[in-house]
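Step one of this worksheet: look at the structure below.
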Amino acid sequence: MEFGGEQSLHERIEERRGRGLGAFPPGTILRVALCVARGLQYLHTEQRLLHGDIKSPNVVVRGDFEAVKICDVGVSLPLDENLTVRDPSLRYVGTEPWTPPEALEPGAPISDRADIFAFGLTLWEMLALSVPHLPPPHSDSQEDSSCSEDSLDEAAFQAARECWAEPAGKRSGNAGINQRELWDKPAGKWSWNAEITEREFWDNGAGMPG
């Protein structure tokens, strides 16, 4: 099978932040945008599949961005001819920092737009060098404690609880959902949407083919 790449986009982002560099060059961001967009077009229009978990750890990069590919379709959902999830009873899994607003509303229809929302946040990561909706690290020690792959679940959970400490709906456009209940789920239960950690995922080579 084709080799997807040596690293995930998430790892490239962490490397760049660790070296004290700013946002990726516009040309690099444009290349990633085009490659991921073409991959999503193929999934949506030809395979009728919603990826369901677009994020920087699920984008692999080869060389100096010579190739950029989407991987990990383990939580994909079938789409109908209108590019809406075919079975309304199927649940969007995703990963919370990249989750689209409609996935937080019980019974809201999920379509190809869910992937596009997460795609936009993935490009935002290349500009901010930070996980969406989490406080950006300001030092190496803070980076190690808040945004490493091994501790991201707990850090994101704590940040989210602080963010939603205000009455439900005050900071969200999702009327009718109790955000406090949403984030009161046990830490680690809501992120990376699997029992396997991202580090184990990449160390096992899973998803490396494009």
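Ordering of the structure tokens sets the chain letters (A, B, ...); residue numbers start at 1 within each chain; ligands are numbered from 1 in the order shown.
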Gly74 in chain A environment, 9 Å, only C-alpha atoms, sequence neighbours closer than 2 positions dropped, as a ChimeraX atom specification:
/A:51-53,72,76
Which residue, A:Val73, A:Leu90, A:Ala118, A:Val32, has the smallest gap to Val61 in chain A when you use only C-alpha atoms?
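Nearest to Val61 in chain A: A:Val32.
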Pick from A:Arg113, A:His133, A:Arg38, A:Arg48: nearest to Ile70 in chain A, with only C-alpha atoms counted?
A:Arg38
Based on the backbone DSSP call, show me all residues of range 1-151 of chain A assigned strand (DSSP E or B), as a PDB file with N, CA, C and O atoms, in the first residue's frame.
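Okay, this is what ended up in selection.pdb:
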```
ATOM      1  N   PHE A   3       2.658   4.576   0.958  1.00  0.00           N
ATOM      2  CA  PHE A   3       3.089   5.154   2.228  1.00  0.00           C
ATOM      3  C   PHE A   3       2.537   6.563   2.352  1.00  0.00           C
ATOM      4  O   PHE A   3       2.749   7.408   1.469  1.00  0.00           O
ATOM      5  N   GLN A   7       4.983  11.721   9.371  1.00  0.00           N
ATOM      6  CA  GLN A   7       4.395  12.371  10.539  1.00  0.00           C
ATOM      7  C   GLN A   7       2.974  12.827  10.255  1.00  0.00           C
ATOM      8  O   GLN A   7       2.570  12.961   9.095  1.00  0.00           O
ATOM      9  N   SER A   8       2.269  13.086  11.336  1.00  0.00           N
ATOM     10  CA  SER A   8       0.950  13.695  11.186  1.00  0.00           C
ATOM     11  C   SER A   8       1.125  15.213  11.137  1.00  0.00           C
ATOM     12  O   SER A   8       2.153  15.759  11.564  1.00  0.00           O
ATOM     13  N   LEU A  49     -19.240   9.105   1.780  1.00  0.00           N
ATOM     14  CA  LEU A  49     -18.857   8.879   3.170  1.00  0.00           C
ATOM     15  C   LEU A  49     -18.520  10.203   3.846  1.00  0.00           C
ATOM     16  O   LEU A  49     -17.855  11.059   3.258  1.00  0.00           O
ATOM     17  N   LEU A  50     -18.999  10.360   5.079  1.00  0.00           N
ATOM     18  CA  LEU A  50     -18.563  11.455   5.935  1.00  0.00           C
ATOM     19  C   LEU A  50     -17.368  10.937   6.725  1.00  0.00           C
ATOM     20  O   LEU A  50     -17.468   9.903   7.379  1.00  0.00           O
ATOM     21  N   VAL A  59      -4.290  13.794   9.542  1.00  0.00           N
ATOM     22  CA  VAL A  59      -3.717  14.207   8.254  1.00  0.00           C
ATOM     23  C   VAL A  59      -2.240  13.841   8.297  1.00  0.00           C
ATOM     24  O   VAL A  59      -1.524  14.242   9.221  1.00  0.00           O
ATOM     25  N   VAL A  60      -1.780  13.033   7.337  1.00  0.00           N
ATOM     26  CA  VAL A  60      -0.375  12.622   7.326  1.00  0.00           C
ATOM     27  C   VAL A  60       0.383  13.385   6.250  1.00  0.00           C
ATOM     28  O   VAL A  60      -0.172  13.717   5.196  1.00  0.00           O
ATOM     29  N   VAL A  61       1.643  13.656   6.550  1.00  0.00           N
ATOM     30  CA  VAL A  61       2.477  14.477   5.672  1.00  0.00           C
ATOM     31  C   VAL A  61       3.753  13.714   5.326  1.00  0.00           C
ATOM     32  O   VAL A  61       4.387  13.124   6.198  1.00  0.00           O
ATOM     33  N   ARG A  62       4.111  13.741   4.048  1.00  0.00           N
ATOM     34  CA  ARG A  62       5.358  13.107   3.605  1.00  0.00           C
ATOM     35  C   ARG A  62       6.332  14.175   3.140  1.00  0.00           C
ATOM     36  O   ARG A  62       5.979  15.062   2.361  1.00  0.00           O
ATOM     37  N   ALA A  67       3.479  15.311  -0.084  1.00  0.00           N
ATOM     38  CA  ALA A  67       2.182  14.637  -0.143  1.00  0.00           C
ATOM     39  C   ALA A  67       1.457  14.875   1.164  1.00  0.00           C
ATOM     40  O   ALA A  67       2.058  14.851   2.234  1.00  0.00           O
ATOM     41  N   VAL A  68       0.168  15.136   1.075  1.00  0.00           N
ATOM     42  CA  VAL A  68      -0.684  15.357   2.253  1.00  0.00           C
ATOM     43  C   VAL A  68      -1.934  14.525   2.056  1.00  0.00           C
ATOM     44  O   VAL A  68      -2.620  14.669   1.041  1.00  0.00           O
ATOM     45  N   LYS A  69      -2.214  13.637   3.018  1.00  0.00           N
ATOM     46  CA  LYS A  69      -3.345  12.726   2.845  1.00  0.00           C
ATOM     47  C   LYS A  69      -4.155  12.597   4.126  1.00  0.00           C
ATOM     48  O   LYS A  69      -3.630  12.744   5.231  1.00  0.00           O
ATOM     49  N   ILE A  70      -5.451  12.305   3.946  1.00  0.00           N
ATOM     50  CA  ILE A  70      -6.349  12.046   5.076  1.00  0.00           C
ATOM     51  C   ILE A  70      -6.237  10.569   5.441  1.00  0.00           C
ATOM     52  O   ILE A  70      -6.099   9.710   4.577  1.00  0.00           O
ATOM     53  N   LEU A  77     -19.340   7.839   8.350  1.00  0.00           N
ATOM     54  CA  LEU A  77     -20.775   7.591   8.275  1.00  0.00           C
ATOM     55  C   LEU A  77     -21.231   7.665   6.823  1.00  0.00           C
ATOM     56  O   LEU A  77     -20.778   8.532   6.070  1.00  0.00           O
ATOM     57  N   PRO A  78     -22.138   6.774   6.393  1.00  0.00           N
ATOM     58  CA  PRO A  78     -22.620   6.800   5.004  1.00  0.00           C
ATOM     59  C   PRO A  78     -23.518   8.014   4.740  1.00  0.00           C
ATOM     60  O   PRO A  78     -24.334   8.391   5.588  1.00  0.00           O
ATOM     61  N   LEU A  79     -23.344   8.614   3.561  1.00  0.00           N
ATOM     62  CA  LEU A  79     -24.130   9.774   3.167  1.00  0.00           C
ATOM     63  C   LEU A  79     -25.124   9.399   2.072  1.00  0.00           C
ATOM     64  O   LEU A  79     -24.876   8.488   1.286  1.00  0.00           O
ATOM     65  N   THR A  84     -26.197  14.072   3.190  1.00  0.00           N
ATOM     66  CA  THR A  84     -26.627  14.051   4.583  1.00  0.00           C
ATOM     67  C   THR A  84     -26.493  12.627   5.084  1.00  0.00           C
ATOM     68  O   THR A  84     -26.684  11.668   4.327  1.00  0.00           O
ATOM     69  N   VAL A  85     -26.141  12.472   6.369  1.00  0.00           N
ATOM     70  CA  VAL A  85     -25.978  11.135   6.922  1.00  0.00           C
ATOM     71  C   VAL A  85     -27.245  10.324   6.684  1.00  0.00           C
ATOM     72  O   VAL A  85     -28.353  10.755   7.025  1.00  0.00           O
ATOM     73  N   SER A 111     -24.359  16.511   7.959  1.00  0.00           N
ATOM     74  CA  SER A 111     -24.074  16.407   6.532  1.00  0.00           C
ATOM     75  C   SER A 111     -22.580  16.547   6.295  1.00  0.00           C
ATOM     76  O   SER A 111     -21.780  16.584   7.234  1.00  0.00           O
TER      77      SER A 111
END
```
Smallest atom-to-atom distance to Ala37 in chain A: which of A:Gly120, A:Pro57, A:Pro132, A:Gly22, using only C-alpha atoms?
A:Gly120
Here is a test: counting only C-alpha atoms, which residue of A:Thr99, A:Glu105, A:Arg91, A:Asp64 is nearest to Gly27 in chain A?
A:Asp64
Just checking: using only C-alpha atoms, which residue out of A:Trp98, A:Ile116, A:Glu2, A:Pro109 ends up closest to Leu134 in chain A?
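Nearest candidate to Leu134 in chain A out of A:Trp98, A:Ile116, A:Glu2, A:Pro109: A:Trp98.
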Identify, with DSSP run on backbone atoms, the residues in range 94-133 of chain A assigned to helix (DSSP H, G or I), and express the list as a list of chain:residue names.
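The helix (DSSP H, G or I) subset of range 94-133 of chain A is A:Glu96, A:Pro97, A:Trp98, A:Pro101, A:Glu102, A:Ala103, A:Leu104, A:Arg113, A:Ala114, A:Asp115, A:Ile116, A:Phe117, A:Ala118, A:Phe119, A:Gly120, A:Leu121, A:Thr122, A:Leu123, A:Trp124, A:Glu125, A:Met126, A:Leu127, A:Ala128.
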